[in-house]
Amino acid sequence: MIKIVTMGLVALSTLSGAAIAHPATEDPVRATQAVAQLSPRDGGAQIELANALVRAGRADEAVKYYRRAMALDNVMLETRGGDAIWSHQVATHMLGNAPQLAAR
């Protein structure tokens, strides 16, 4: 299964009409948390949540979700550029950068 790793596409699938109408007011972390809670066994959703946390400056929290993704099935993801990448590969790379992430 290939999942799209672009927060907008993943998050919009679960937002209400009001949230879609005013996307700038929606907290990206909360939106991805909702997706991850709906699919707790989905490694791609855990990666997406971790990425949102990193972008929000909450890298220390993101580490937990990258580790959770490593414990789940390795799923094929698609980057915004259209490349394919495995969820474990993303998590491993980001966890390897955990000290740098936490320093942000």
# chains A, B, ... in the order shown; residues from 1 in each chain; ligands from 1
$ residues_around --residues "Leu49 in chain A" --least-positions-apart "3" --cutoff "6 Å" --atoms "only C-alpha atoms" --output "tab-separated table (two decimals) with C-alpha atoms, in the first residue's frame"
chain	number	residue	atom	x	y	z
A	32	THR	CA	-2.45	14.84	12.26
A	46	GLN	CA	2.72	7.96	12.94
A	52	ALA	CA	4.16	17.70	12.07
$ atom_distance --atom1 "CA of Asp27 in chain A" --atom2 "CA of Ala69 in chain A"
21.9 Å
$ closest_residue --among "A:Asp83, A:Arg67, A:Ala59, A:Asn97" --to "Ile47 in chain A" --atoms "only C-alpha atoms"
A:Arg67
$ select_by_dssp --residues "range 31-85 of chain A" --states "helix (DSSP H, G or I)" --output "compact mmCIF listing (two decimals) with C-alpha atoms, in the first residue's frame"
# COMPACT_ATOMS: atom_id res chain seq x y z
CA ALA A 31 -5.11 17.52 12.65
CA THR A 32 -2.45 14.84 12.26
CA GLN A 33 -3.08 13.59 15.81
CA ALA A 34 -6.68 12.97 14.80
CA VAL A 35 -5.57 10.95 11.78
CA ALA A 36 -3.06 8.96 13.86
CA GLN A 37 -5.71 8.21 16.50
CA LEU A 38 -8.08 6.92 13.83
CA GLY A 43 3.05 3.57 10.45
CA GLY A 44 2.52 6.26 7.84
CA ALA A 45 0.16 8.16 10.11
CA GLN A 46 2.72 7.96 12.94
CA ILE A 47 5.43 9.33 10.61
CA GLU A 48 3.12 12.14 9.52
CA LEU A 49 2.38 13.07 13.14
CA ALA A 50 6.08 13.00 14.03
CA ASN A 51 6.87 15.21 11.04
CA ALA A 52 4.16 17.70 12.07
CA LEU A 53 5.63 17.81 15.57
CA VAL A 54 9.11 18.48 14.18
CA ARG A 55 7.75 21.32 12.02
CA ALA A 59 11.04 17.38 18.13
CA ASP A 60 11.37 15.81 21.57
CA GLU A 61 7.76 14.61 21.29
CA ALA A 62 8.27 13.51 17.68
CA VAL A 63 10.83 10.89 18.72
CA LYS A 64 8.06 8.87 20.41
CA TYR A 65 6.07 8.65 17.16
CA TYR A 66 9.09 7.78 15.01
CA ARG A 67 9.78 4.93 17.45
CA ARG A 68 6.15 3.86 17.33
CA ALA A 69 6.32 3.77 13.52
CA MET A 70 9.34 1.46 13.78
CA ALA A 71 7.27 -0.98 15.86
